[in-house]
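Asker: The following file, input21.pdb, comprises PDB, C-alpha atoms:
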```
ATOM      1  CA  GLU A 131      25.946  16.963 -47.000  1.00  0.00           C
ATOM      2  CA  ALA A 132      23.704  19.976 -47.578  1.00  0.00           C
ATOM      3  CA  GLY A 133      25.152  23.364 -46.701  1.00  0.00           C
ATOM      4  CA  VAL A 134      23.615  26.281 -44.845  1.00  0.00           C
ATOM      5  CA  ALA A 135      20.445  27.414 -46.594  1.00  0.00           C
ATOM      6  CA  GLN A 136      19.133  30.977 -46.573  1.00  0.00           C
ATOM      7  CA  SER A 137      16.118  32.643 -48.106  1.00  0.00           C
ATOM      8  CA  PRO A 138      15.286  34.864 -49.747  1.00  0.00           C
ATOM      9  CA  ARG A 139      18.490  35.589 -51.651  1.00  0.00           C
ATOM     10  CA  TYR A 140      17.431  39.134 -52.456  1.00  0.00           C
ATOM     11  CA  LYS A 141      14.936  41.528 -50.913  1.00  0.00           C
ATOM     12  CA  ILE A 142      14.038  45.120 -51.719  1.00  0.00           C
ATOM     13  CA  ILE A 143      11.815  47.071 -49.332  1.00  0.00           C
ATOM     14  CA  GLU A 144      10.892  50.634 -48.520  1.00  0.00           C
ATOM     15  CA  LYS A 145      12.153  52.191 -45.306  1.00  0.00           C
ATOM     16  CA  ARG A 146       9.905  51.647 -42.301  1.00  0.00           C
ATOM     17  CA  GLN A 147       8.695  48.338 -43.727  1.00  0.00           C
ATOM     18  CA  SER A 148       9.343  44.993 -42.055  1.00  0.00           C
ATOM     19  CA  VAL A 149      11.390  42.104 -43.413  1.00  0.00           C
ATOM     20  CA  ALA A 150      12.316  38.597 -42.271  1.00  0.00           C
ATOM     21  CA  PHE A 151      15.143  36.309 -43.266  1.00  0.00           C
ATOM     22  CA  TRP A 152      15.301  32.563 -42.804  1.00  0.00           C
ATOM     23  CA  CYS A 153      18.277  30.287 -42.175  1.00  0.00           C
ATOM     24  CA  ASN A 154      18.511  26.503 -42.011  1.00  0.00           C
ATOM     25  CA  PRO A 155      21.909  25.398 -40.696  1.00  0.00           C
ATOM     26  CA  ILE A 156      23.770  22.225 -41.534  1.00  0.00           C
ATOM     27  CA  SER A 157      22.028  19.248 -39.969  1.00  0.00           C
ATOM     28  CA  GLY A 158      23.232  18.619 -36.438  1.00  0.00           C
ATOM     29  CA  HIS A 159      24.961  21.957 -36.022  1.00  0.00           C
ATOM     30  CA  ALA A 160      24.165  23.314 -32.590  1.00  0.00           C
ATOM     31  CA  THR A 161      25.597  26.806 -33.011  1.00  0.00           C
ATOM     32  CA  LEU A 162      24.121  29.364 -35.384  1.00  0.00           C
ATOM     33  CA  TYR A 163      25.329  32.873 -36.156  1.00  0.00           C
ATOM     34  CA  TRP A 164      23.792  35.856 -37.935  1.00  0.00           C
ATOM     35  CA  TYR A 165      26.179  38.404 -39.456  1.00  0.00           C
ATOM     36  CA  GLN A 166      25.569  41.757 -41.131  1.00  0.00           C
ATOM     37  CA  GLN A 167      27.925  42.676 -43.964  1.00  0.00           C
ATOM     38  CA  ILE A 168      27.678  46.265 -45.152  1.00  0.00           C
ATOM     39  CA  LEU A 169      29.163  46.988 -48.588  1.00  0.00           C
ATOM     40  CA  GLY A 170      32.919  47.390 -48.391  1.00  0.00           C
ATOM     41  CA  GLN A 171      33.234  45.887 -44.925  1.00  0.00           C
ATOM     42  CA  GLY A 172      33.735  42.511 -43.346  1.00  0.00           C
ATOM     43  CA  PRO A 173      30.866  40.676 -41.677  1.00  0.00           C
ATOM     44  CA  LYS A 174      29.863  41.815 -38.208  1.00  0.00           C
ATOM     45  CA  LEU A 175      28.267  39.409 -35.755  1.00  0.00           C
ATOM     46  CA  LEU A 176      24.701  40.272 -34.792  1.00  0.00           C
ATOM     47  CA  ILE A 177      23.696  37.275 -32.711  1.00  0.00           C
ATOM     48  CA  GLN A 178      24.891  33.805 -31.772  1.00  0.00           C
ATOM     49  CA  PHE A 179      22.625  30.904 -30.760  1.00  0.00           C
ATOM     50  CA  GLN A 180      23.608  27.692 -29.020  1.00  0.00           C
ATOM     51  CA  ASN A 181      20.724  25.295 -29.714  1.00  0.00           C
ATOM     52  CA  ASN A 182      17.681  27.493 -29.010  1.00  0.00           C
ATOM     53  CA  GLY A 183      19.377  29.803 -26.521  1.00  0.00           C
ATOM     54  CA  VAL A 184      21.079  33.148 -27.172  1.00  0.00           C
ATOM     55  CA  VAL A 185      24.814  33.170 -26.378  1.00  0.00           C
ATOM     56  CA  ASP A 186      25.604  36.706 -27.485  1.00  0.00           C
ATOM     57  CA  ASP A 187      23.383  39.443 -28.889  1.00  0.00           C
ATOM     58  CA  SER A 188      25.419  42.414 -27.707  1.00  0.00           C
ATOM     59  CA  GLN A 189      25.704  43.880 -31.222  1.00  0.00           C
ATOM     60  CA  LEU A 190      22.085  43.347 -32.226  1.00  0.00           C
ATOM     61  CA  PRO A 191      20.137  46.643 -32.474  1.00  0.00           C
ATOM     62  CA  LYS A 192      17.319  45.379 -30.339  1.00  0.00           C
ATOM     63  CA  ASP A 193      15.042  48.348 -30.947  1.00  0.00           C
ATOM     64  CA  ARG A 194      14.463  47.100 -34.498  1.00  0.00           C
ATOM     65  CA  PHE A 195      16.120  43.709 -34.911  1.00  0.00           C
ATOM     66  CA  SER A 196      14.928  40.427 -33.438  1.00  0.00           C
ATOM     67  CA  ALA A 197      15.945  36.829 -33.968  1.00  0.00           C
ATOM     68  CA  GLU A 198      14.713  33.474 -32.830  1.00  0.00           C
ATOM     69  CA  ARG A 199      15.620  29.816 -33.073  1.00  0.00           C
ATOM     70  CA  LEU A 200      12.667  28.216 -31.382  1.00  0.00           C
ATOM     71  CA  LYS A 201      13.356  24.516 -31.954  1.00  0.00           C
ATOM     72  CA  GLY A 202      17.126  24.762 -32.059  1.00  0.00           C
ATOM     73  CA  VAL A 203      17.257  24.162 -35.799  1.00  0.00           C
ATOM     74  CA  ASP A 204      16.297  26.884 -38.252  1.00  0.00           C
ATOM     75  CA  SER A 205      16.283  30.558 -37.381  1.00  0.00           C
ATOM     76  CA  THR A 206      14.637  33.793 -38.462  1.00  0.00           C
ATOM     77  CA  LEU A 207      16.014  37.313 -38.294  1.00  0.00           C
ATOM     78  CA  LYS A 208      13.543  40.177 -38.451  1.00  0.00           C
ATOM     79  CA  ILE A 209      13.935  43.905 -38.964  1.00  0.00           C
ATOM     80  CA  GLN A 210      11.030  46.148 -37.995  1.00  0.00           C
ATOM     81  CA  PRO A 211      11.017  48.938 -39.075  1.00  0.00           C
ATOM     82  CA  ALA A 212      13.858  48.971 -41.592  1.00  0.00           C
ATOM     83  CA  LYS A 213      16.145  51.965 -42.066  1.00  0.00           C
ATOM     84  CA  LEU A 214      18.267  52.921 -45.058  1.00  0.00           C
ATOM     85  CA  GLU A 215      21.433  51.929 -43.178  1.00  0.00           C
ATOM     86  CA  ASP A 216      20.154  48.361 -42.844  1.00  0.00           C
ATOM     87  CA  SER A 217      20.984  47.778 -46.505  1.00  0.00           C
ATOM     88  CA  ALA A 218      23.511  44.958 -46.338  1.00  0.00           C
ATOM     89  CA  VAL A 219      24.053  41.268 -46.883  1.00  0.00           C
ATOM     90  CA  TYR A 220      22.844  39.146 -43.984  1.00  0.00           C
ATOM     91  CA  LEU A 221      24.885  35.997 -43.593  1.00  0.00           C
ATOM     92  CA  CYS A 222      23.998  32.948 -41.566  1.00  0.00           C
ATOM     93  CA  ALA A 223      26.678  30.519 -40.385  1.00  0.00           C
ATOM     94  CA  SER A 224      26.731  27.351 -38.313  1.00  0.00           C
ATOM     95  CA  THR A 225      29.180  25.117 -36.482  1.00  0.00           C
ATOM     96  CA  PRO A 226      28.780  21.733 -34.806  1.00  0.00           C
ATOM     97  CA  GLY A 227      29.404  23.352 -31.433  1.00  0.00           C
ATOM     98  CA  SER A 228      30.538  26.629 -29.969  1.00  0.00           C
ATOM     99  CA  GLY A 229      34.146  25.442 -29.703  1.00  0.00           C
ATOM    100  CA  ALA A 230      34.515  24.275 -33.295  1.00  0.00           C
ATOM    101  CA  TYR A 231      36.784  26.548 -35.264  1.00  0.00           C
ATOM    102  CA  GLU A 232      35.340  26.476 -38.771  1.00  0.00           C
ATOM    103  CA  GLN A 233      32.109  28.333 -39.430  1.00  0.00           C
ATOM    104  CA  PHE A 234      30.128  27.234 -42.473  1.00  0.00           C
ATOM    105  CA  PHE A 235      28.363  30.130 -44.182  1.00  0.00           C
ATOM    106  CA  GLY A 236      25.224  30.297 -46.237  1.00  0.00           C
ATOM    107  CA  PRO A 237      24.912  32.311 -49.476  1.00  0.00           C
ATOM    108  CA  GLY A 238      23.451  35.317 -47.673  1.00  0.00           C
ATOM    109  CA  THR A 239      20.426  37.551 -48.205  1.00  0.00           C
ATOM    110  CA  ARG A 240      21.071  40.867 -49.912  1.00  0.00           C
ATOM    111  CA  LEU A 241      18.734  43.514 -48.483  1.00  0.00           C
ATOM    112  CA  THR A 242      18.172  46.852 -50.161  1.00  0.00           C
ATOM    113  CA  VAL A 243      16.192  49.479 -48.256  1.00  0.00           C
ATOM    114  CA  LEU A 244      14.883  52.342 -50.417  1.00  0.00           C
TER     115      LEU A 244
ATOM    116  CA  ALA B1096      38.984  44.330 -27.964  1.00  0.00           C
ATOM    117  CA  GLN B1097      40.121  42.473 -31.030  1.00  0.00           C
ATOM    118  CA  LYS B1098      40.994  44.160 -34.308  1.00  0.00           C
ATOM    119  CA  ILE B1099      41.943  42.925 -37.762  1.00  0.00           C
ATOM    120  CA  THR B1100      43.613  45.236 -40.275  1.00  0.00           C
ATOM    121  CA  GLN B1101      43.844  44.538 -43.986  1.00  0.00           C
ATOM    122  CA  THR B1102      45.653  47.452 -45.623  1.00  0.00           C
ATOM    123  CA  GLN B1103      45.275  46.397 -49.267  1.00  0.00           C
ATOM    124  CA  PRO B1104      41.825  47.316 -50.608  1.00  0.00           C
ATOM    125  CA  GLY B1105      42.693  45.737 -53.963  1.00  0.00           C
ATOM    126  CA  MET B1106      45.418  43.610 -55.488  1.00  0.00           C
ATOM    127  CA  PHE B1107      46.214  42.446 -59.006  1.00  0.00           C
ATOM    128  CA  VAL B1108      48.185  39.325 -59.853  1.00  0.00           C
ATOM    129  CA  GLN B1109      49.119  37.652 -63.099  1.00  0.00           C
ATOM    130  CA  GLU B1110      47.731  34.175 -63.629  1.00  0.00           C
ATOM    131  CA  LYS B1111      50.139  31.439 -62.379  1.00  0.00           C
ATOM    132  CA  GLU B1112      52.019  33.927 -60.200  1.00  0.00           C
ATOM    133  CA  ALA B1113      52.043  33.923 -56.385  1.00  0.00           C
ATOM    134  CA  VAL B1114      50.415  36.687 -54.354  1.00  0.00           C
ATOM    135  CA  THR B1115      50.519  37.711 -50.693  1.00  0.00           C
ATOM    136  CA  LEU B1116      47.541  39.292 -48.959  1.00  0.00           C
ATOM    137  CA  ASP B1117      48.409  41.164 -45.783  1.00  0.00           C
ATOM    138  CA  CYS B1118      46.706  40.869 -42.421  1.00  0.00           C
ATOM    139  CA  THR B1119      47.699  42.253 -39.041  1.00  0.00           C
ATOM    140  CA  TYR B1120      45.796  41.662 -35.837  1.00  0.00           C
ATOM    141  CA  ASP B1121      45.577  43.041 -32.355  1.00  0.00           C
ATOM    142  CA  THR B1122      44.539  41.156 -29.256  1.00  0.00           C
ATOM    143  CA  SER B1123      45.653  40.868 -25.659  1.00  0.00           C
ATOM    144  CA  ASP B1124      44.626  37.201 -25.500  1.00  0.00           C
ATOM    145  CA  GLN B1125      47.296  34.513 -25.638  1.00  0.00           C
ATOM    146  CA  SER B1126      44.957  31.949 -27.163  1.00  0.00           C
ATOM    147  CA  TYR B1127      43.366  32.845 -30.465  1.00  0.00           C
ATOM    148  CA  GLY B1128      42.757  31.547 -33.957  1.00  0.00           C
ATOM    149  CA  LEU B1129      43.314  33.211 -37.301  1.00  0.00           C
ATOM    150  CA  PHE B1130      41.289  32.452 -40.406  1.00  0.00           C
ATOM    151  CA  TRP B1131      41.143  33.385 -44.043  1.00  0.00           C
ATOM    152  CA  TYR B1132      37.897  33.289 -45.971  1.00  0.00           C
ATOM    153  CA  LYS B1133      37.221  33.804 -49.670  1.00  0.00           C
ATOM    154  CA  GLN B1134      34.048  35.541 -50.803  1.00  0.00           C
ATOM    155  CA  PRO B1135      33.266  35.253 -54.533  1.00  0.00           C
ATOM    156  CA  SER B1136      30.726  37.521 -56.166  1.00  0.00           C
ATOM    157  CA  SER B1137      28.047  34.940 -55.316  1.00  0.00           C
ATOM    158  CA  GLY B1138      28.373  36.100 -51.702  1.00  0.00           C
ATOM    159  CA  GLU B1139      29.133  32.902 -49.795  1.00  0.00           C
ATOM    160  CA  MET B1140      32.085  32.931 -47.392  1.00  0.00           C
ATOM    161  CA  ILE B1141      34.392  30.007 -48.130  1.00  0.00           C
ATOM    162  CA  PHE B1142      36.833  28.864 -45.443  1.00  0.00           C
ATOM    163  CA  LEU B1143      40.412  28.625 -46.728  1.00  0.00           C
ATOM    164  CA  ILE B1144      42.859  28.147 -43.892  1.00  0.00           C
ATOM    165  CA  TYR B1145      43.265  28.283 -40.117  1.00  0.00           C
ATOM    166  CA  GLN B1146      46.206  29.019 -37.810  1.00  0.00           C
ATOM    167  CA  GLY B1147      46.125  28.610 -34.052  1.00  0.00           C
ATOM    168  CA  SER B1148      48.171  30.947 -31.899  1.00  0.00           C
ATOM    169  CA  TYR B1149      50.104  28.032 -30.406  1.00  0.00           C
ATOM    170  CA  ASP B1150      50.785  26.315 -33.717  1.00  0.00           C
ATOM    171  CA  GLU B1151      54.511  26.366 -34.388  1.00  0.00           C
ATOM    172  CA  GLN B1152      54.254  25.474 -38.057  1.00  0.00           C
ATOM    173  CA  ASN B1153      52.682  27.727 -40.652  1.00  0.00           C
ATOM    174  CA  ALA B1154      49.393  26.309 -41.898  1.00  0.00           C
ATOM    175  CA  THR B1155      49.121  25.101 -45.487  1.00  0.00           C
ATOM    176  CA  GLU B1156      46.110  23.941 -47.498  1.00  0.00           C
ATOM    177  CA  GLY B1157      46.881  23.112 -51.103  1.00  0.00           C
ATOM    178  CA  ARG B1158      47.815  26.358 -52.867  1.00  0.00           C
ATOM    179  CA  TYR B1159      47.129  28.406 -49.723  1.00  0.00           C
ATOM    180  CA  SER B1160      49.626  28.998 -46.966  1.00  0.00           C
ATOM    181  CA  LEU B1161      49.529  31.293 -43.980  1.00  0.00           C
ATOM    182  CA  ASN B1162      52.686  33.194 -43.110  1.00  0.00           C
ATOM    183  CA  PHE B1163      52.271  33.529 -39.341  1.00  0.00           C
ATOM    184  CA  GLN B1164      54.618  35.945 -37.571  1.00  0.00           C
ATOM    185  CA  LYS B1165      53.447  36.042 -33.997  1.00  0.00           C
ATOM    186  CA  ALA B1166      55.826  38.732 -32.755  1.00  0.00           C
ATOM    187  CA  ARG B1167      54.722  41.050 -35.542  1.00  0.00           C
ATOM    188  CA  LYS B1168      51.072  40.034 -35.103  1.00  0.00           C
ATOM    189  CA  SER B1169      50.728  39.299 -38.776  1.00  0.00           C
ATOM    190  CA  ALA B1170      49.002  36.452 -40.592  1.00  0.00           C
ATOM    191  CA  ASN B1171      49.492  36.938 -44.299  1.00  0.00           C
ATOM    192  CA  LEU B1172      47.845  34.653 -46.845  1.00  0.00           C
ATOM    193  CA  VAL B1173      49.999  33.394 -49.692  1.00  0.00           C
ATOM    194  CA  ILE B1174      48.295  32.005 -52.777  1.00  0.00           C
ATOM    195  CA  SER B1175      50.644  30.169 -55.097  1.00  0.00           C
ATOM    196  CA  ALA B1176      50.048  29.649 -58.813  1.00  0.00           C
ATOM    197  CA  SER B1177      47.066  32.028 -59.018  1.00  0.00           C
ATOM    198  CA  GLN B1178      44.092  30.949 -61.091  1.00  0.00           C
ATOM    199  CA  LEU B1179      41.328  33.030 -62.687  1.00  0.00           C
ATOM    200  CA  GLY B1180      38.894  31.492 -60.201  1.00  0.00           C
ATOM    201  CA  ASP B1181      40.855  33.052 -57.353  1.00  0.00           C
ATOM    202  CA  SER B1182      39.419  36.459 -58.229  1.00  0.00           C
ATOM    203  CA  ALA B1183      37.299  37.344 -55.179  1.00  0.00           C
ATOM    204  CA  MET B1184      37.258  39.231 -51.885  1.00  0.00           C
ATOM    205  CA  TYR B1185      39.502  37.769 -49.200  1.00  0.00           C
ATOM    206  CA  PHE B1186      38.855  38.310 -45.514  1.00  0.00           C
ATOM    207  CA  CYS B1187      41.153  37.756 -42.589  1.00  0.00           C
ATOM    208  CA  ALA B1188      39.404  36.963 -39.308  1.00  0.00           C
ATOM    209  CA  MET B1189      40.305  36.255 -35.702  1.00  0.00           C
ATOM    210  CA  ARG B1190      38.556  34.161 -33.097  1.00  0.00           C
ATOM    211  CA  VAL B1191      39.100  34.653 -29.412  1.00  0.00           C
ATOM    212  CA  PRO B1192      37.358  32.355 -26.950  1.00  0.00           C
ATOM    213  CA  GLY B1193      34.883  34.156 -24.757  1.00  0.00           C
ATOM    214  CA  ALA B1194      32.264  33.083 -22.285  1.00  0.00           C
ATOM    215  CA  GLY B1195      30.828  30.232 -24.350  1.00  0.00           C
ATOM    216  CA  SER B1196      31.216  32.286 -27.470  1.00  0.00           C
ATOM    217  CA  TYR B1197      33.691  31.857 -30.317  1.00  0.00           C
ATOM    218  CA  GLN B1198      33.020  34.934 -32.362  1.00  0.00           C
ATOM    219  CA  LEU B1199      34.870  35.876 -35.500  1.00  0.00           C
ATOM    220  CA  THR B1200      36.128  39.429 -35.950  1.00  0.00           C
ATOM    221  CA  PHE B1201      36.718  40.220 -39.618  1.00  0.00           C
ATOM    222  CA  GLY B1202      38.894  42.727 -41.431  1.00  0.00           C
ATOM    223  CA  LYS B1203      37.584  44.899 -44.255  1.00  0.00           C
ATOM    224  CA  GLY B1204      38.881  42.558 -46.921  1.00  0.00           C
ATOM    225  CA  THR B1205      41.116  42.673 -49.988  1.00  0.00           C
ATOM    226  CA  LYS B1206      39.757  42.379 -53.499  1.00  0.00           C
ATOM    227  CA  LEU B1207      42.012  40.133 -55.561  1.00  0.00           C
ATOM    228  CA  SER B1208      41.871  40.284 -59.329  1.00  0.00           C
ATOM    229  CA  VAL B1209      43.722  37.649 -61.350  1.00  0.00           C
ATOM    230  CA  ILE B1210      44.793  38.827 -64.801  1.00  0.00           C
ATOM    231  CA  PRO B1211      45.025  36.290 -67.646  1.00  0.00           C
TER     232      PRO B1211
END
```
Take the structure in the file and write it out as structure tokens.
Answerer:
Amino acid sequence: EAGVAQSPRYKIIEKRQSVAFWCNPISGHATLYWYQQILGQGPKLLIQFQNNGVVDDSQLPKDRFSAERLKGVDSTLKIQPAKLEDSAVYLCASTPGSGAYEQFFGPGTRLTVL
Amino acid sequence: AQKITQTQPGMFVQEKEAVTLDCTYDTSDQSYGLFWYKQPSSGEMIFLIYQGSYDEQNATEGRYSLNFQKARKSANLVISASQLGDSAMYFCAMRVPGAGSYQLTFGKGTKLSVIP
């Protein structure tokens, strides 16, 4: 069974530029999560999708971050414009349903904002 | 609000020895789940072990066991017979059921280094 796929693995941009990350969850997984992991910290949830609907985006900085999961499968996370403090690893995770206890994580995208 | 505290930024252990990674948590919910994840330098979070708040027995998965002390609100991870491949960051996390949401709250992690 294929795991959670993310691309790109690494991205370097200048501040004020835009960037997008892509995530393809495990086949059949209805719930998808985006986390931000700043160096030296644990992951912090940005947004949770159930199929193509948003369950929780309370910690998503909506003035610059957006995310979508239009067909209930893969998802994109966008930052526009990027700030220096957005430098982090962005992790995508999925579960079969919102009640399942184990989240399966992708390899992450390491973003560096210069 | 939920909080996870990992007080050991870094730990060293000799190969083949056992090591305990500390985790304390804070929540007012009666129903919750506790997790440990391993994050190697490659970046992927790897699930290790899970303990439910109502589970009476401590969880075990191979060389991993979770020392759950509910009254003390602690959920320490014990790794027996450490291997060089165990060198990684280890994160303790808690899940509390919300309104259709099962979010994980993570601690800051402990960096484990296994010495040959």
Asker: I want to know what sits within 12 Å of segment 147-150 of chain A, based on only C-alpha atoms, with residues of the same chain fewer than 4 positions away left out; could you give that as a PyMOL selection string?
Answerer: chain A and resi 136-143+194-198+205-214+216-217+220+239-244
Asker: I need the contact residues of chain B against chain A, so if you could list those with any atom within 12 Å, counting all atoms listed in the file, and return them as JSON, numbers by chain, that would help.
Answerer: {"B": [1098, 1099, 1100, 1101, 1104, 1105, 1127, 1128, 1129, 1130, 1131, 1132, 1133, 1134, 1135, 1136, 1137, 1138, 1139, 1140, 1141, 1142, 1143, 1144, 1145, 1146, 1147, 1184, 1185, 1186, 1187, 1188, 1189, 1190, 1191, 1192, 1193, 1194, 1195, 1196, 1197, 1198, 1199, 1200, 1201, 1202, 1203, 1204, 1205, 1206]}
Asker: Write a file of the just-selected residues containing C-alpha atoms, as a compact mmCIF listing (two decimals), keeping the file's coordinate frame.
Answerer:
```
# COMPACT_ATOMS: atom_id res chain seq x y z
CA LYS B 1098 40.99 44.16 -34.31
CA ILE B 1099 41.94 42.92 -37.76
CA THR B 1100 43.61 45.24 -40.28
CA GLN B 1101 43.84 44.54 -43.99
CA PRO B 1104 41.82 47.32 -50.61
CA GLY B 1105 42.69 45.74 -53.96
CA TYR B 1127 43.37 32.84 -30.46
CA GLY B 1128 42.76 31.55 -33.96
CA LEU B 1129 43.31 33.21 -37.30
CA PHE B 1130 41.29 32.45 -40.41
CA TRP B 1131 41.14 33.38 -44.04
CA TYR B 1132 37.90 33.29 -45.97
CA LYS B 1133 37.22 33.80 -49.67
CA GLN B 1134 34.05 35.54 -50.80
CA PRO B 1135 33.27 35.25 -54.53
CA SER B 1136 30.73 37.52 -56.17
CA SER B 1137 28.05 34.94 -55.32
CA GLY B 1138 28.37 36.10 -51.70
CA GLU B 1139 29.13 32.90 -49.80
CA MET B 1140 32.08 32.93 -47.39
CA ILE B 1141 34.39 30.01 -48.13
CA PHE B 1142 36.83 28.86 -45.44
CA LEU B 1143 40.41 28.62 -46.73
CA ILE B 1144 42.86 28.15 -43.89
CA TYR B 1145 43.26 28.28 -40.12
CA GLN B 1146 46.21 29.02 -37.81
CA GLY B 1147 46.12 28.61 -34.05
CA MET B 1184 37.26 39.23 -51.88
CA TYR B 1185 39.50 37.77 -49.20
CA PHE B 1186 38.85 38.31 -45.51
CA CYS B 1187 41.15 37.76 -42.59
CA ALA B 1188 39.40 36.96 -39.31
CA MET B 1189 40.30 36.26 -35.70
CA ARG B 1190 38.56 34.16 -33.10
CA VAL B 1191 39.10 34.65 -29.41
CA PRO B 1192 37.36 32.35 -26.95
CA GLY B 1193 34.88 34.16 -24.76
CA ALA B 1194 32.26 33.08 -22.28
CA GLY B 1195 30.83 30.23 -24.35
CA SER B 1196 31.22 32.29 -27.47
CA TYR B 1197 33.69 31.86 -30.32
CA GLN B 1198 33.02 34.93 -32.36
CA LEU B 1199 34.87 35.88 -35.50
CA THR B 1200 36.13 39.43 -35.95
CA PHE B 1201 36.72 40.22 -39.62
CA GLY B 1202 38.89 42.73 -41.43
CA LYS B 1203 37.58 44.90 -44.26
CA GLY B 1204 38.88 42.56 -46.92
CA THR B 1205 41.12 42.67 -49.99
CA LYS B 1206 39.76 42.38 -53.50
```
Asker: Written as a list in words, which residues does the PyMOL selection byres ((chain B and resi 1154-1159) around 9) give for the file shown?
Answerer: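 When the PyMOL selection byres ((chain B and resi 1154-1159) around 9) is applied to the shown file, the picked residues are Leu1143, Ile1144, Tyr1145, Gln1146, Gly1147, Asp1150, Gln1152, Asn1153, Ser1160, Leu1161, Asn1162, Phe1163, Leu1172, Val1173, Ile1174, Ser1175, Ala1176 and Ser1177 of chain B.
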Asker: Would you work out the distance separating atom CA of Asn182 of chain A from atom CA of His159 of chain A, expressed in Å to one decimal?
Answerer: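 Atom CA of His159 of chain A lies 11.5 Å from atom CA of Asn182 of chain A.
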Asker: Enter the distance from atom CA of Arg199 of chain A to atom CA of Gly183 of chain A, in Å, rounded to one decimal.
Answerer: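 About the pair atom CA of Arg199 of chain A and atom CA of Gly183 of chain A: they are 7.6 Å apart.
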Asker: If I take atom CA of Val184 of chain A and atom CA of Asp204 of chain A, how far is one from the other in Å, to one decimal?
Answerer: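 Separating atom CA of Val184 of chain A from atom CA of Asp204 of chain A is a distance of 13.6 Å.
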Asker: Looking at A:Ala218, A:Asp187, A:Asp193, A:Ala132, which one is nearest to Ser157 of chain A, with distances taken over only C-alpha atoms?
Answerer: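 Residue with the minimum atom-to-atom distance to Ser157 of chain A: A:Ala132.
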Asker: What are the centre and the three edge lengths of an axis-aligned box that wraps all atoms of segment 1104-1121 of chain B in the file, given that 5 Å is added to every side, written as lines of an AutoDock Vina configuration file and rounded to one decimal in Å?
Answerer:
```
center_x = 46.9
center_y = 39.4
center_z = -48.0
size_x = 20.2
size_y = 25.9
size_z = 41.3
```
Asker: Pick out the closest residue to Pro226 of chain A from this set: A:Ser188, A:Glu144, A:Ala160, A:Trp152. Count only C-alpha atoms.
Answerer: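 Smallest distance to Pro226 of chain A is found for A:Ala160.
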Asker: Output segment 151-161 of chain A with N, CA, C and O atoms present, as a tab-separated table (two decimals), keeping the file's coordinate frame.
Answerer:
```tsv
chain	number	residue	atom	x	y	z
A	151	PHE	N	14.22	37.20	-42.57
A	151	PHE	CA	15.14	36.31	-43.27
A	151	PHE	C	15.13	34.96	-42.56
A	151	PHE	O	15.00	34.88	-41.34
A	152	TRP	N	15.33	33.91	-43.35
A	152	TRP	CA	15.30	32.56	-42.80
A	152	TRP	C	16.63	31.86	-43.03
A	152	TRP	O	17.28	32.06	-44.07
A	153	CYS	N	17.03	31.05	-42.07
A	153	CYS	CA	18.28	30.29	-42.18
A	153	CYS	C	18.06	28.87	-41.67
A	153	CYS	O	17.50	28.66	-40.59
A	154	ASN	N	18.51	27.90	-42.44
A	154	ASN	CA	18.51	26.50	-42.01
A	154	ASN	C	19.95	26.02	-41.97
A	154	ASN	O	20.60	25.91	-43.01
A	155	PRO	N	20.49	25.77	-40.79
A	155	PRO	CA	21.91	25.40	-40.70
A	155	PRO	C	22.15	23.97	-41.17
A	155	PRO	O	21.22	23.23	-41.47
A	156	ILE	N	23.40	23.60	-41.20
A	156	ILE	CA	23.77	22.22	-41.53
A	156	ILE	C	23.19	21.30	-40.46
A	156	ILE	O	23.24	21.64	-39.25
A	157	SER	N	22.67	20.18	-40.88
A	157	SER	CA	22.03	19.25	-39.97
A	157	SER	C	22.95	18.86	-38.82
A	157	SER	O	24.11	18.49	-39.03
A	158	GLY	N	22.45	19.00	-37.61
A	158	GLY	CA	23.23	18.62	-36.44
A	158	GLY	C	24.08	19.73	-35.85
A	158	GLY	O	24.67	19.57	-34.78
A	159	HIS	N	24.17	20.85	-36.54
A	159	HIS	CA	24.96	21.96	-36.02
A	159	HIS	C	24.20	22.68	-34.92
A	159	HIS	O	23.12	23.20	-35.14
A	160	ALA	N	24.83	22.74	-33.75
A	160	ALA	CA	24.16	23.31	-32.59
A	160	ALA	C	24.27	24.84	-32.54
A	160	ALA	O	23.44	25.51	-31.96
A	161	THR	N	25.34	25.37	-33.13
A	161	THR	CA	25.60	26.81	-33.01
A	161	THR	C	25.27	27.52	-34.32
A	161	THR	O	25.67	27.06	-35.39
```
